[in-house]
>>> print(open('my_file25.pdb').read())   # PDB, C-alpha atoms
ATOM      1  CA  MET O  28     -76.282 -25.742  52.503
ATOM      2  CA  ASN O  29     -73.374 -27.607  54.040
ATOM      3  CA  ASP O  30     -70.161 -29.213  52.789
ATOM      4  CA  LYS O  31     -71.955 -32.501  52.037
ATOM      5  CA  ASP O  32     -74.269 -30.746  49.552
ATOM      6  CA  ILE O  33     -71.366 -29.593  47.361
ATOM      7  CA  ASN O  34     -70.502 -32.172  44.736
ATOM      8  CA  ILE O  35     -68.040 -30.878  42.162
ATOM      9  CA  GLN O  36     -67.409 -33.429  39.420
ATOM     10  CA  HIS O  37     -65.178 -31.436  37.161
ATOM     11  CA  LEU O  38     -63.387 -28.113  37.628
ATOM     12  CA  LYS O  39     -61.575 -26.351  34.795
ATOM     13  CA  PHE O  40     -59.553 -23.114  34.816
ATOM     14  CA  THR O  41     -58.926 -21.169  31.656
ATOM     15  CA  GLN O  42     -56.030 -18.768  31.588
ATOM     16  CA  ARG O  43     -57.029 -15.307  30.377
ATOM     17  CA  PRO O  44     -54.722 -12.441  29.489
ATOM     18  CA  ILE O  45     -54.546  -9.820  32.202
ATOM     19  CA  PRO O  46     -53.718  -6.250  31.242
ATOM     20  CA  ILE O  47     -50.637  -4.872  32.971
ATOM     21  CA  PRO O  48     -51.201  -1.450  34.558
ATOM     22  CA  VAL O  49     -49.401   1.214  32.549
ATOM     23  CA  ASP O  50     -47.046   2.236  35.351
ATOM     24  CA  TYR O  51     -45.640  -1.326  35.476
ATOM     25  CA  ARG O  52     -44.956  -1.547  31.744
ATOM     26  CA  PRO O  53     -41.239  -1.328  30.978
ATOM     27  CA  LEU O  54     -41.630   1.110  28.072
ATOM     28  CA  TYR O  55     -43.631   3.515  30.233
ATOM     29  CA  LYS O  56     -41.033   3.411  33.006
ATOM     30  CA  ILE O  57     -38.176   3.781  30.523
ATOM     31  CA  SER O  58     -39.901   6.854  29.095
ATOM     32  CA  ILE O  59     -40.239   8.319  32.598
ATOM     33  CA  ILE O  60     -36.546   7.634  33.281
ATOM     34  CA  ILE O  61     -35.520   9.363  30.049
ATOM     35  CA  LEU O  62     -37.731  12.388  30.779
ATOM     36  CA  VAL O  63     -36.389  12.727  34.325
ATOM     37  CA  LEU O  64     -32.763  12.400  33.235
ATOM     38  CA  LYS O  65     -33.189  15.042  30.536
ATOM     39  CA  LEU O  66     -35.410  17.546  32.334
ATOM     40  CA  CYS O  67     -34.489  17.276  36.031
ATOM     41  CA  CYS O  68     -30.893  16.122  36.341
ATOM     42  CA  ARG O  69     -27.660  18.041  36.047
ATOM     43  CA  ASP O  70     -25.466  16.591  33.311
ATOM     44  CA  ASN O  71     -28.460  14.349  32.473
ATOM     45  CA  ALA O  72     -27.315  11.953  35.219
ATOM     46  CA  SER O  73     -29.085  10.769  38.355
ATOM     47  CA  THR O  74     -28.765   8.552  41.371
ATOM     48  CA  LEU O  75     -31.058   5.576  41.727
ATOM     49  CA  LEU O  76     -32.773   7.182  44.729
ATOM     50  CA  LYS O  77     -33.644  10.309  42.742
ATOM     51  CA  LEU O  78     -35.121   8.222  39.935
ATOM     52  CA  HIS O  79     -37.248   6.353  42.472
ATOM     53  CA  LEU O  80     -38.425   9.650  43.951
ATOM     54  CA  PHE O  81     -39.505  10.951  40.544
ATOM     55  CA  SER O  82     -41.140   7.647  39.671
ATOM     56  CA  TRP O  83     -43.218   7.971  42.856
ATOM     57  CA  ILE O  84     -44.008  11.630  42.147
ATOM     58  CA  LEU O  85     -45.225  10.912  38.618
ATOM     59  CA  LYS O  86     -47.354   7.978  39.726
ATOM     60  CA  SER O  87     -50.337  10.188  40.619
ATOM     61  CA  ASP O  88     -51.659  13.737  40.534
ATOM     62  CA  SER O  89     -51.763  13.626  44.324
ATOM     63  CA  ASN O  90     -48.034  12.875  44.551
ATOM     64  CA  MET O  91     -47.269  15.638  42.049
ATOM     65  CA  ASN O  92     -49.288  18.079  44.166
ATOM     66  CA  VAL O  93     -47.437  17.003  47.322
ATOM     67  CA  MET O  94     -44.101  17.706  45.659
ATOM     68  CA  ARG O  95     -45.308  20.956  44.063
ATOM     69  CA  ASN O  96     -46.479  22.173  47.504
ATOM     70  CA  TYR O  97     -43.171  21.104  49.027
ATOM     71  CA  ILE O  98     -41.235  23.111  46.438
ATOM     72  CA  VAL O  99     -43.538  26.158  46.565
ATOM     73  CA  SER O 100     -43.300  26.215  50.389
ATOM     74  CA  ASN O 101     -39.534  26.614  49.978
ATOM     75  CA  TYR O 102     -39.084  23.043  51.241
ATOM     76  CA  LYS O 103     -40.729  23.782  54.592
ATOM     77  CA  LYS O 104     -43.711  21.410  54.315
ATOM     78  CA  GLU O 105     -43.399  17.804  55.317
ATOM     79  CA  ILE O 106     -42.723  15.305  52.602
ATOM     80  CA  GLU O 107     -43.979  11.779  52.961
ATOM     81  CA  VAL O 108     -41.931   8.695  52.354
ATOM     82  CA  TRP O 109     -41.776   7.555  48.751
ATOM     83  CA  ASN O 110     -41.535   3.965  47.648
ATOM     84  CA  ILE O 111     -38.846   1.978  45.922
ATOM     85  CA  GLU O 112     -40.392  -0.090  43.177
ATOM     86  CA  PRO O 113     -38.919  -3.083  41.394
ATOM     87  CA  ALA O 114     -40.580  -2.060  38.085
ATOM     88  CA  LEU O 115     -38.271   0.960  37.907
ATOM     89  CA  ASN O 116     -35.199  -1.181  38.576
ATOM     90  CA  ARG O 117     -36.181  -3.558  35.762
ATOM     91  CA  ALA O 118     -36.830  -0.640  33.405
ATOM     92  CA  LEU O 119     -33.376   0.758  34.241
ATOM     93  CA  GLN O 120     -31.819  -2.599  33.373
ATOM     94  CA  PHE O 121     -33.627  -2.571  30.023
ATOM     95  CA  ALA O 122     -32.669   1.072  29.370
ATOM     96  CA  VAL O 123     -28.989   0.341  30.069
ATOM     97  CA  ALA O 124     -29.075  -2.866  28.005
ATOM     98  CA  ASP O 125     -30.645  -0.961  25.099
ATOM     99  CA  GLY O 126     -28.069   1.834  25.357
ATOM    100  CA  LEU O 127     -30.559   4.576  26.301
ATOM    101  CA  CYS O 128     -28.590   5.350  29.449
ATOM    102  CA  GLU O 129     -25.413   4.114  31.050
ATOM    103  CA  MET O 130     -23.963   3.693  34.507
ATOM    104  CA  THR O 131     -21.198   6.184  35.271
ATOM    105  CA  SER O 132     -18.147   5.622  37.455
ATOM    106  CA  THR O 133     -19.958   7.568  40.205
ATOM    107  CA  LYS O 134     -22.849   5.060  40.147
ATOM    108  CA  LYS O 135     -25.251   7.436  38.415
ATOM    109  CA  TYR O 136     -27.471   6.704  35.455
ATOM    110  CA  LYS O 137     -26.602   9.008  32.554
ATOM    111  CA  LEU O 138     -28.533   9.663  29.369
ATOM    112  CA  THR O 139     -26.706   8.560  26.220
ATOM    113  CA  GLU O 140     -26.925   9.937  22.700
ATOM    114  CA  LYS O 141     -29.430   7.204  21.875
ATOM    115  CA  GLY O 142     -31.387   8.229  24.971
ATOM    116  CA  GLU O 143     -31.406  11.836  23.731
ATOM    117  CA  SER O 144     -32.953  10.629  20.462
ATOM    118  CA  PHE O 145     -35.554   8.672  22.422
ATOM    119  CA  TYR O 146     -36.286  11.813  24.457
ATOM    120  CA  ASN O 147     -36.890  13.760  21.243
ATOM    121  CA  SER O 148     -39.295  11.034  20.076
ATOM    122  CA  ILE O 149     -41.213  11.251  23.354
ATOM    123  CA  ILE O 150     -41.504  15.046  23.070
ATOM    124  CA  GLU O 151     -42.604  14.850  19.424
ATOM    125  CA  SER O 152     -45.288  12.279  20.267
ATOM    126  CA  GLU O 153     -46.809  14.570  22.920
ATOM    127  CA  SER O 154     -47.671  11.441  24.938
ATOM    128  CA  PHE O 155     -46.498  12.650  28.348
ATOM    129  CA  THR O 156     -47.728  16.248  28.377
ATOM    130  CA  LYS O 157     -48.725  16.271  32.054
ATOM    131  CA  GLU O 158     -45.486  14.651  33.156
ATOM    132  CA  VAL O 159     -43.344  16.892  30.940
ATOM    133  CA  GLY O 160     -45.134  19.988  32.263
ATOM    134  CA  PHE O 161     -44.463  18.960  35.849
ATOM    135  CA  LEU O 162     -40.835  18.018  35.168
ATOM    136  CA  LYS O 163     -40.232  21.365  33.454
ATOM    137  CA  PHE O 164     -41.698  23.087  36.532
ATOM    138  CA  VAL O 165     -39.206  21.197  38.717
ATOM    139  CA  GLY O 166     -36.280  21.733  36.351
ATOM    140  CA  LYS O 167     -32.713  20.771  37.159
ATOM    141  CA  ASN O 168     -32.233  22.876  40.286
ATOM    142  CA  LYS O 169     -35.249  22.356  42.560
ATOM    143  CA  ILE O 170     -34.723  18.728  43.567
ATOM    144  CA  THR O 171     -31.009  18.132  43.870
ATOM    145  CA  ASP O 172     -29.179  15.191  45.411
ATOM    146  CA  SER O 173     -28.461  17.272  48.520
ATOM    147  CA  ARG O 174     -32.186  18.136  48.786
ATOM    148  CA  ILE O 175     -33.034  14.428  48.561
ATOM    149  CA  ASP O 176     -30.468  13.703  51.293
ATOM    150  CA  GLU O 177     -32.184  16.322  53.487
ATOM    151  CA  MET O 178     -35.580  14.759  52.783
ATOM    152  CA  THR O 179     -34.366  11.296  53.764
ATOM    153  CA  LYS O 180     -32.735  12.642  56.936
ATOM    154  CA  GLN O 181     -35.991  14.398  57.837
ATOM    155  CA  TRP O 182     -37.869  11.166  57.231
ATOM    156  CA  LYS O 183     -35.439   9.186  59.379
ATOM    157  CA  LEU O 184     -35.771  11.681  62.238
ATOM    158  CA  GLN O 185     -39.532  11.709  61.976
ATOM    159  CA  TYR O 186     -40.357   8.042  61.435
ATOM    160  CA  VAL O 187     -37.426   5.857  62.384
ATOM    161  CA  GLU O 188     -35.858   7.460  65.426
ATOM    162  CA  ASN O 189     -39.201   8.279  67.090
ATOM    163  CA  LYS O 190     -40.219   4.633  67.292
TER     164      LYS O 190
END
>>> encode(input="my_file25.pdb", output="structure tokens")
Amino acid sequence: MNDKDINIQHLKFTQRPIPIPVDYRPLYKISIIILVLKLCCRDNASTLLKLHLFSWILKSDSNMNVMRNYIVSNYKKEIEVWNIEPALNRALQFAVADGLCEMTSTKKYKLTEKGESFYNSIIESESFTKEVGFLKFVGKNKITDSRIDEMTKQWKLQYVENK
């Protein structure tokens, strides 16, 4: 068969709904943000970079295992580079606009009273049991801003400066 044998008289496309993967849905990401702020952040406030790290961690069992091994090894194992995803940034905008969290003067996202109520709803629904279990394991003291700074410096030394 060659190009001359193809004779298309009429071509029609029909738009079909496409399901959005759960980790790109704003409500899912907002729920993750609320859980992280409440369970893993001092004063229920976090930098954007820390929220991106936790979003990456909670994206898969494999990522959770990488971070669990990193913590259990007393931070001696290598940690791979995590991604920055626009879906989290959009979810943060929605969460701030809805009053679930707010931006502080130190450029951190902080859980509000309304966010605390949303957190309680998430816990009562038992929808995020795996994520909550992992975040409780991490707690507020195992992945601090200074630890994240060390991780990014290690990454820079390993990947950027060696090229």
>>> resolve_selection(input="my_file25.pdb", expression="the PyMOL selection byres ((chain O and resi 53) around 10)", output="PDB file with C-alpha atoms, keeping the file's coordinate frame")
ATOM      1  CA  VAL O  49     -49.401   1.214  32.549  1.00  0.00           C
ATOM      2  CA  ASP O  50     -47.046   2.236  35.351  1.00  0.00           C
ATOM      3  CA  TYR O  51     -45.640  -1.326  35.476  1.00  0.00           C
ATOM      4  CA  ARG O  52     -44.956  -1.547  31.744  1.00  0.00           C
ATOM      5  CA  LEU O  54     -41.630   1.110  28.072  1.00  0.00           C
ATOM      6  CA  TYR O  55     -43.631   3.515  30.233  1.00  0.00           C
ATOM      7  CA  LYS O  56     -41.033   3.411  33.006  1.00  0.00           C
ATOM      8  CA  ILE O  57     -38.176   3.781  30.523  1.00  0.00           C
ATOM      9  CA  SER O  58     -39.901   6.854  29.095  1.00  0.00           C
ATOM     10  CA  ILE O  59     -40.239   8.319  32.598  1.00  0.00           C
ATOM     11  CA  ALA O 114     -40.580  -2.060  38.085  1.00  0.00           C
ATOM     12  CA  LEU O 115     -38.271   0.960  37.907  1.00  0.00           C
ATOM     13  CA  ASN O 116     -35.199  -1.181  38.576  1.00  0.00           C
ATOM     14  CA  ARG O 117     -36.181  -3.558  35.762  1.00  0.00           C
ATOM     15  CA  ALA O 118     -36.830  -0.640  33.405  1.00  0.00           C
ATOM     16  CA  LEU O 119     -33.376   0.758  34.241  1.00  0.00           C
ATOM     17  CA  GLN O 120     -31.819  -2.599  33.373  1.00  0.00           C
ATOM     18  CA  PHE O 121     -33.627  -2.571  30.023  1.00  0.00           C
ATOM     19  CA  ALA O 122     -32.669   1.072  29.370  1.00  0.00           C
TER      20      ALA O 122
END
>>> closest_residue(input="my_file25.pdb", among="O:Ser152, O:Tyr97, O:Asp88, O:Ile61", to="O:Gly126", atoms="only C-alpha atoms")
O:Ile61
>>> residues_near_point(input="my_file25.pdb", point="(-36.1, 3.9, 40.1)", cutoff="7 Å", atoms="all atoms listed in the file", output="PyMOL selection string")
chain O and resi 75-76+78-79+82+111-112+115-116
>>> axis_aligned_box(input="my_file25.pdb", around="stretch 119-137 of chain O", padding_each_side="5 Å", output="JSON")
{"center_x": -25.9, "center_y": 3.1, "center_z": 32.7, "size_x": 25.5, "size_y": 21.9, "size_z": 25.1}
>>> closest_atom_pairs(input="my_file25.pdb", of="stretch 46-155 of chain O", to="stretch 162-169 of chain O", cutoff="10 Å", atoms="all atoms listed in the file", output="tab-separated table")
residue	atom	partner	partner_atom	distance
O:Leu62	CA	O:Leu162	CA	7.8
O:Val63	CA	O:Leu162	CA	7.0
O:Leu64	CA	O:Lys167	CA	9.2
O:Lys65	CA	O:Lys167	CA	8.8
O:Leu66	CA	O:Gly166	CA	5.9
O:Cys67	CA	O:Lys167	CA	4.1
O:Cys68	CA	O:Lys167	CA	5.1
O:Arg69	CA	O:Lys167	CA	5.8
O:Asp70	CA	O:Lys167	CA	9.2
O:Asn71	CA	O:Lys167	CA	9.0
O:Phe81	CA	O:Leu162	CA	9.0
O:Ile84	CA	O:Leu162	CA	10.0
O:Leu85	CA	O:Leu162	CA	9.0
O:Met91	CA	O:Leu162	CA	9.7
O:Met94	CA	O:Val165	CA	9.2
O:Arg95	CA	O:Val165	CA	8.1
O:Ile98	CA	O:Lys169	CA	7.2
O:Val99	CA	O:Lys169	CA	10.0
O:Asn101	CA	O:Lys169	CA	9.6
O:Tyr102	CA	O:Lys169	CA	9.5
>>> resolve_selection(input="my_file25.pdb", expression="the PyMOL selection byres ((chain O and resi 131-133) around 12)", output="VMD selection string")
chain O and resid 70 to 75 123 128 to 130 134 to 139
>>> atom_distance(input="my_file25.pdb", atom1="atom CA of O:Leu127", atom2="atom CA of O:Lys141")
5.3 Å
>>> atom_distance(input="my_file25.pdb", atom1="atom CA of O:Glu151", atom2="atom CA of O:Ile60")
16.8 Å
>>> atom_distance(input="my_file25.pdb", atom1="atom CA of O:Glu107", atom2="atom CA of O:Ile47")
26.9 Å
>>> closest_residue(input="my_file25.pdb", among="O:Pro46, O:Asn90, O:Met178, O:Ser173", to="O:Lys104", atoms="all atoms listed in the file")
O:Met178
